[in-house]
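Remarks on the structure that follows.
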Number of protein chains: 2
Amino acid sequence: MELRQLEVFCRIVETRSFSKAAREVGLTQPTVSAHIKSLEEDLGIRLLDRMGKEALPTKEGEVLYRFAKRVLALVTEAKQEILRVRNVVKGSIKIAGSNIPGEYILPGLIARFQKRYPDISVKLEIMDSREVARKVSSGEFEIGVLGARMSDARLEYTKFLEDELVLAVPPDHPLAGQGRVTLNRLKEFPFVIRERGSGTRMSMEEMVARKGLDPDEFKVAVELGSTEAVKEGIKAGLGVSFISRRAIESDLKHRDLVEVGVPEISTKRHFYIVTHRKRSRSNLINVFWDYLLGKEEE
Amino acid sequence: MELRQLEVFCRIVETRSFSKAAREVGLTQPTVSAHIKSLEEDLGIRLLDRMGKEALPTKEGEVLYRFAKRVLALVTEAKQEILRVRNVVKGSIKIAGSNIPGEYILPGLIARFQKRYPDISVKLEIMDSREVARKVSSGEFEIGVLGARMSDARLEYTKFLEDELVLAVPPDHPLAGQGRVTLNRLKEFPFVIRERGSGTRMSMEEMVARKGLDPDEFKVAVELGSTEAVKEGIKAGLGVSFISRRAIESDLKHRDLVEVGVPEISTKRHFYIVTHRKRSRSNLINVFWDYLLGKEEE
DNA sequence: TAAAAATACTCCATAGGTATTTTAT
DNA sequence: ATAAAATACCTATGGAGTATTTTTA
């Protein structure tokens with residue numbers, strides 16, 4: 001059974017004529033005859049009584065007609081709905097955000113985004129950068145924002161905002177009064193660091209690696225699973241750490257933490273928007289994507 | 001857009017794989033790929049994101065999936081319903097009956113028929129024989145019962161019960177005491193006759209025509225549109241008439257009318273079941289048809 | 001006779017296949 | 001390396017046409 005056949009069939013029932021139906025659907029009469037023959041053979045039942053002047057549906061034909069009309073209407077509706085959905089800016093977006101962007105950057109951006117697009121609901125889930133990458137890669141999330149590129153050929157990264165990793169120490173720390181420190185000297189002090197999978201951790205390791213040093217040369221006092229935990233760890237005197245300036249702005253202001261420069265290394269890093277290379281972006285995601293990048297330029 | 005394509009598409013969405021879907025619908029993977037390609041080109045939109053390991057529907061694909069499932073379910077339902085309807089003995093039958101069968105024969109038969117098939121509702125419409133033929137010919141009725149064959153190549157007649165036309169006169173009529181009369185003598189008496197289109201009228205005319213007489217040789221006092229009207233006309237002394245024995249049984253018994261024999265002519269006639277030669281008989285009609293002919297044999 | 005449907009046929013698009021390549025994990 | 005999808009290519013079915021015949025009003 002084919003849709004074209006159903007269309008032809010319906011037209012015949014409506015016009016009571018093969019020839020008229022043929023004209024109306026833009027086919028020739030023999031083609032229409034063939035369609036009906038094929039349909040009747042397919043169902044194993046006579047659908048139309050050809051009564052010379054007019055063709056009338058049999059009992060079974062009447063049943064088919066009712067169903068066929070519904071089927072054809074559904075197909076038409078589906079096509080319209082598909083076209084409509086393409087341009088619609090209404091629905092919901094799921095974003096995977098790593099710790100720093102998810103806690104210090106995205107909430108504000110999303111709040112403003114929702115003011116501009118009140119019909120789009122946004123859901124943000126926070127996890128570490130490795131998870132962000134994994135879940136975008138697997139298709140669970142369409143879009144993510146994270147603090148380091150995770151190597152995965154399926155992923156496409158777009159540079160987002162710039163960030164700076166600051167060496168933060170407690171106010172009573174030996175380095176607190178010095179303002180700056182060499183990398184070599186730093187090795188003497190225990191560190192509080194994030195888990196593997198954290199973008200901050202990765203950026204940190206890259207920074208020292210670029211100077212030819214092995215991250216393992218540094219002393220690790222404790223490994224913690226979130227930015228806030230690391231901050232508290234530093235304040236408690238467990239050690240020092242590189243940490244996003246965005247996460248400790250108020251701490252620096254209140255001198256709960258003190259920044260120490262490390263002139264040898266570049267402490268800049270980027271956040272990235274990550275999407276799946278092979279996944280088509282929905283209209284909604286495009287709107288959000290454009291919004292994020294627009295904000296960056298401001 | 002074709003139904004096969006929709007089926008393949010749904011299977012891919014469900015299995016998240018072209019190959020698995022291909023196996024499940026009994027096609028090869030390249031064929032499945034081609035179907036999706038064709039569907040996507042047809043709609044002008046990407047429906048599935050091929051993400052290596054798994055294929056996920058796009059936003060538009062999700063919309064199509066929901067519609068496609070409904071369409072396919074409808075088609076399945078339609079097929080089942082068509083098969084079901086073929087064997088069902090439930091529904092309604094419309095019968096066109098001419099005056100004599102409609103008033104004196106069918107009501108009783110239909111009453112017994114409905115006891116045997118309580119799920120079949122029967123509607124009987126009474127009209128003269130010509131109308132019965134016309135309405136079956138035009139397809140308005142599937143079946144009719146009438147008192148004379150109307151020439152119409154589209155119609156198929158099946159002999160039904162036998163009937164007899166009786167020359168009926170009022171009790172005070174000159175012929176009433178004689179028991180029999182010659183055709184020639186009959187020409188002296190005015191007739192009450194049915195309208196053209198009546199089976200009784202046609203049978204009557206055929207009877208005399210078979211004897212080489214012109215029906216116009218008889219005197220027509222008045223032409224009336226129903227059997228009952230003719231009966232009343234005879235009783236009122238307007239004239240005599242040939243009339244179905246079935247219609248005047250009680251009148252003869254009570255001597256409200258008197259039968260006069262006309263030995264020269266055969267007064268037998270048949271009723272007929274009439275259907276359209278080219279119209280397929282529904283199951284219901286077949287059941288009724290069989291019932292009628294079964295009754296006749298009893 | 002005129003109009004409608006069926007039939008016969010031709011043509012070609014495409015659904016289907018197999019074999020192979022490309023791509024992604 | 002393996003598995004999936006895409007591509008290339010071939011075949012045959014059947015959808016579409018034209019021309020004609022058959023049927024019926």
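A note on labels: chains of the structure tokens are A, B, ... as shown, every chain counts residues from 1, and ligands are counted from 1 in their shown order.
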**OP:** Please provide as a PyMOL selection string all residues within 10 Å of DA16 in chain D, with the sequence filter that same-chain residues fewer than 5 positions apart are discarded (counting only C-alpha atoms (C1' of nucleotides)).
**Re:** (chain A and resi 27-28+30-32) or (chain C and resi 11-13)
Using only C-alpha atoms (C1' of nucleotides), determine which residues lie at most 9 Å from range 199-207 of chain A, disregarding the query and same-chain residues fewer than 5 positions distant; provide the list as a PDB file with C-alpha atoms, in the first residue's frame.
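Okay, around01.pdb is ready:
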ATOM      1  CA  SER A  98      31.672  22.497  33.847  1.00  0.00           C
ATOM      2  CA  ASN A  99      32.291  23.962  37.274  1.00  0.00           C
ATOM      3  CA  ILE A 100      33.650  27.414  36.593  1.00  0.00           C
ATOM      4  CA  ASP A 128      33.428  18.494  35.507  1.00  0.00           C
ATOM      5  CA  SER A 129      34.873  19.194  32.089  1.00  0.00           C
ATOM      6  CA  ARG A 130      35.553  15.568  31.282  1.00  0.00           C
ATOM      7  CA  LEU A 146      33.890  23.688  29.664  1.00  0.00           C
ATOM      8  CA  GLY A 147      37.273  24.860  30.797  1.00  0.00           C
ATOM      9  CA  ALA A 148      39.602  22.659  28.735  1.00  0.00           C
ATOM     10  CA  ARG A 149      39.576  20.781  25.447  1.00  0.00           C
ATOM     11  CA  MET A 150      39.201  17.098  25.978  1.00  0.00           C
ATOM     12  CA  LEU A 165      44.190  31.015  36.626  1.00  0.00           C
ATOM     13  CA  ILE A 193      44.078  20.424  43.411  1.00  0.00           C
ATOM     14  CA  ARG A 194      40.996  19.430  41.521  1.00  0.00           C
ATOM     15  CA  ASP A 214      56.334  17.571  35.104  1.00  0.00           C
ATOM     16  CA  PRO A 215      53.176  18.355  37.074  1.00  0.00           C
ATOM     17  CA  THR A 227      35.993  24.729  43.032  1.00  0.00           C
ATOM     18  CA  PHE A 242      45.720  27.785  40.812  1.00  0.00           C
ATOM     19  CA  ILE A 243      42.124  28.792  40.638  1.00  0.00           C
ATOM     20  CA  SER A 244      39.960  30.798  38.308  1.00  0.00           C
ATOM     21  CA  ILE A 265      53.990  31.270  33.004  1.00  0.00           C
ATOM     22  CA  SER A 266      51.022  32.469  31.065  1.00  0.00           C
ATOM     23  CA  THR A 267      48.038  31.998  33.293  1.00  0.00           C
ATOM     24  CA  LYS A 268      45.484  32.732  30.600  1.00  0.00           C
ATOM     25  CA  ARG A 269      43.124  30.054  29.431  1.00  0.00           C
ATOM     26  CA  PHE A 271      36.540  28.380  28.090  1.00  0.00           C
TER      27      PHE A 271
END
Subject >> Atomic distance CA of Ile82 in chain B - CA of Glu156 in chain B, expressed in Å with one decimal >> reply: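 Atom-to-atom, CA of Ile82 in chain B to CA of Glu156 in chain B, that is 27.0 Å.
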**OP:** Output the contact residues of chain C with respect to chain B at a cut-off of 9 Å, based on only C-alpha atoms (C1' of nucleotides), as a PyMOL selection string.
**Re:** chain C and resi 15-17+23-25
Original post:
Hey, what does DSSP flag as strand (DSSP E) within range 42-199 of chain A? Can you give it to me as JSON, numbers by chain?
Top reply: {"A": [48, 49, 50, 51, 54, 55, 56, 57, 91, 92, 93, 94, 95, 96, 97, 120, 121, 122, 123, 124, 125, 126, 143, 144, 145, 146, 155, 156, 157, 158, 159, 160, 161, 162, 163, 164, 165, 166, 167, 168, 169, 191, 192, 193, 194]}
Selection above as a file: C-alpha atoms, as a compact mmCIF listing (two decimals), in the first residue's frame:
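Done, and the output landed in result06.txt:
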# COMPACT_ATOMS: atom_id res chain seq x y z
CA LEU A 48 -14.44 0.06 -6.14
CA ASP A 49 -17.40 -1.06 -8.20
CA ARG A 50 -16.96 0.28 -11.71
CA MET A 51 -20.54 0.86 -12.66
CA GLU A 54 -19.75 6.08 -11.96
CA ALA A 55 -17.49 4.21 -9.64
CA LEU A 56 -18.74 3.49 -6.13
CA PRO A 57 -16.73 2.16 -3.22
CA GLY A 91 11.14 24.70 23.55
CA SER A 92 13.88 23.70 25.91
CA ILE A 93 17.65 23.53 25.85
CA LYS A 94 19.84 21.30 28.00
CA ILE A 95 23.33 22.60 28.67
CA ALA A 96 26.19 20.74 30.26
CA GLY A 97 28.42 23.21 32.09
CA ILE A 120 12.87 28.92 25.56
CA SER A 121 13.41 27.14 28.82
CA VAL A 122 17.03 26.40 29.70
CA LYS A 123 18.29 23.65 31.93
CA LEU A 124 21.88 23.73 33.12
CA GLU A 125 23.61 20.71 34.57
CA ILE A 126 26.98 21.11 36.25
CA ILE A 143 25.86 21.61 23.86
CA GLY A 144 28.33 22.11 26.66
CA VAL A 145 30.64 24.75 28.08
CA LEU A 146 33.89 23.69 29.66
CA LEU A 155 33.85 17.06 19.45
CA GLU A 156 34.03 20.52 18.05
CA TYR A 157 35.26 23.31 20.27
CA THR A 158 34.61 27.00 19.93
CA LYS A 159 36.61 29.45 22.00
CA PHE A 160 34.40 31.25 24.42
CA LEU A 161 35.44 33.68 27.17
CA GLU A 162 38.95 34.13 28.41
CA ASP A 163 39.83 33.22 31.95
CA GLU A 164 42.86 33.51 34.15
CA LEU A 165 44.19 31.01 36.63
CA VAL A 166 45.49 32.76 39.71
CA LEU A 167 47.80 31.27 42.30
CA ALA A 168 45.77 31.69 45.46
CA VAL A 169 47.23 31.35 48.93
CA PHE A 191 48.94 22.04 46.62
CA VAL A 192 45.23 21.54 46.84
CA ILE A 193 44.08 20.42 43.41
CA ARG A 194 41.00 19.43 41.52
Residues of chain A that have any atom at most 10 Å from an atom of chain B: could you tabulate them with the shortest-distance atom pair and the distance in Å to one decimal, using only C-alpha atoms, ordered by chain and increasing number, as CSV?
residue,atom,partner,partner_atom,distance
A:Met1,CA,B:Leu3,CA,7.6
A:Glu2,CA,B:Leu3,CA,6.0
A:Leu3,CA,B:Glu2,CA,6.0
A:Arg4,CA,B:Glu2,CA,8.0
A:Leu43,CA,B:Lys79,CA,7.4
A:Gly44,CA,B:Leu83,CA,9.3
A:Ile45,CA,B:Ile82,CA,8.7
A:Arg46,CA,B:Ser280,CA,8.1
A:Leu47,CA,B:Ser280,CA,9.3
A:Leu48,CA,B:Ser280,CA,8.6
A:Asp49,CA,B:Arg279,CA,5.3
A:Arg50,CA,B:Lys278,CA,6.7
A:Met51,CA,B:Lys278,CA,5.5
A:Gly52,CA,B:Lys278,CA,8.2
A:Lys53,CA,B:Ser138,CA,9.1
A:Glu54,CA,B:Ser138,CA,8.9
A:Ala55,CA,B:Arg279,CA,9.3
A:Leu56,CA,B:Gly139,CA,8.0
A:Pro57,CA,B:Arg279,CA,9.4
A:Thr58,CA,B:Ser280,CA,6.9
A:Lys59,CA,B:Ser282,CA,6.3
A:Glu60,CA,B:Ile82,CA,5.4
A:Gly61,CA,B:Ile82,CA,8.1
A:Glu62,CA,B:Ile82,CA,9.2
A:Val63,CA,B:Ile82,CA,6.4
A:Leu64,CA,B:Ala78,CA,6.2
A:Tyr65,CA,B:Ala78,CA,9.3
A:Arg66,CA,B:Ala78,CA,8.7
A:Phe67,CA,B:Ala78,CA,5.9
A:Ala68,CA,B:Val75,CA,7.9
A:Arg70,CA,B:Leu74,CA,8.0
A:Val71,CA,B:Val71,CA,5.6
A:Leu72,CA,B:Val71,CA,8.5
A:Ala73,CA,B:Val71,CA,9.5
A:Leu74,CA,B:Val71,CA,6.7
A:Val75,CA,B:Val71,CA,7.3
A:Thr76,CA,B:Phe67,CA,10.0
A:Glu77,CA,B:Phe67,CA,8.4
A:Ala78,CA,B:Phe67,CA,5.9
A:Lys79,CA,B:Leu43,CA,7.4
A:Glu81,CA,B:Val63,CA,7.3
A:Ile82,CA,B:Glu60,CA,5.4
A:Leu83,CA,B:Glu60,CA,8.1
A:Arg84,CA,B:Glu60,CA,9.2
A:Val85,CA,B:Glu60,CA,6.6
A:Arg86,CA,B:Glu60,CA,6.8
A:Ser137,CA,B:Met51,CA,9.0
A:Ser138,CA,B:Met51,CA,8.7
A:Gly139,CA,B:Leu56,CA,8.0
A:Arg154,CA,B:Met51,CA,8.3
A:His276,CA,B:Met51,CA,8.3
A:Arg277,CA,B:Met51,CA,8.4
A:Lys278,CA,B:Met51,CA,5.5
A:Arg279,CA,B:Asp49,CA,5.3
A:Ser280,CA,B:Asp49,CA,6.4
A:Arg281,CA,B:Thr58,CA,8.1
A:Ser282,CA,B:Lys59,CA,6.3
A:Asn283,CA,B:Lys59,CA,8.6
A:Leu284,CA,B:Lys59,CA,9.6
Original post:
Neighbours of DT20 in chain D within 12 Å (only C-alpha atoms (C1' of nucleotides); same-chain residues fewer than 5 positions away dropped), as a ChimeraX atom specification?
Top reply: /A:30 /C:6-9
**OP:** Considering only C-alpha atoms (C1' of nucleotides), extract the chain D residues located within 9 Å of chain A and return them as a PyMOL selection string.
**Re:** chain D and resi 15-17+23-25
Could those residues be written to a file, using C-alpha atoms (C1' of nucleotides), as a PDB file, in the first residue's frame?
ATOM      1  C1'  DG D  15       5.011   3.882 -12.068  1.00  0.00           C
ATOM      2  C1'  DA D  16       4.163   6.758 -15.759  1.00  0.00           C
ATOM      3  C1'  DG D  17       3.148   7.591 -20.298  1.00  0.00           C
ATOM      4  C1'  DT D  23     -17.596  -1.605 -22.424  1.00  0.00           C
ATOM      5  C1'  DT D  24     -21.505   0.940 -21.166  1.00  0.00           C
ATOM      6  C1'  DA D  25     -24.746   4.829 -20.923  1.00  0.00           C
TER       7       DA D  25
END
**OP:** Go through range 2-44 of chain A and collect every residue that DSSP, computed from the backbone, puts in alpha helix (DSSP H); the answer should be as number ranges by chain.
**Re:** A: 3-15, 18-25, 29-43
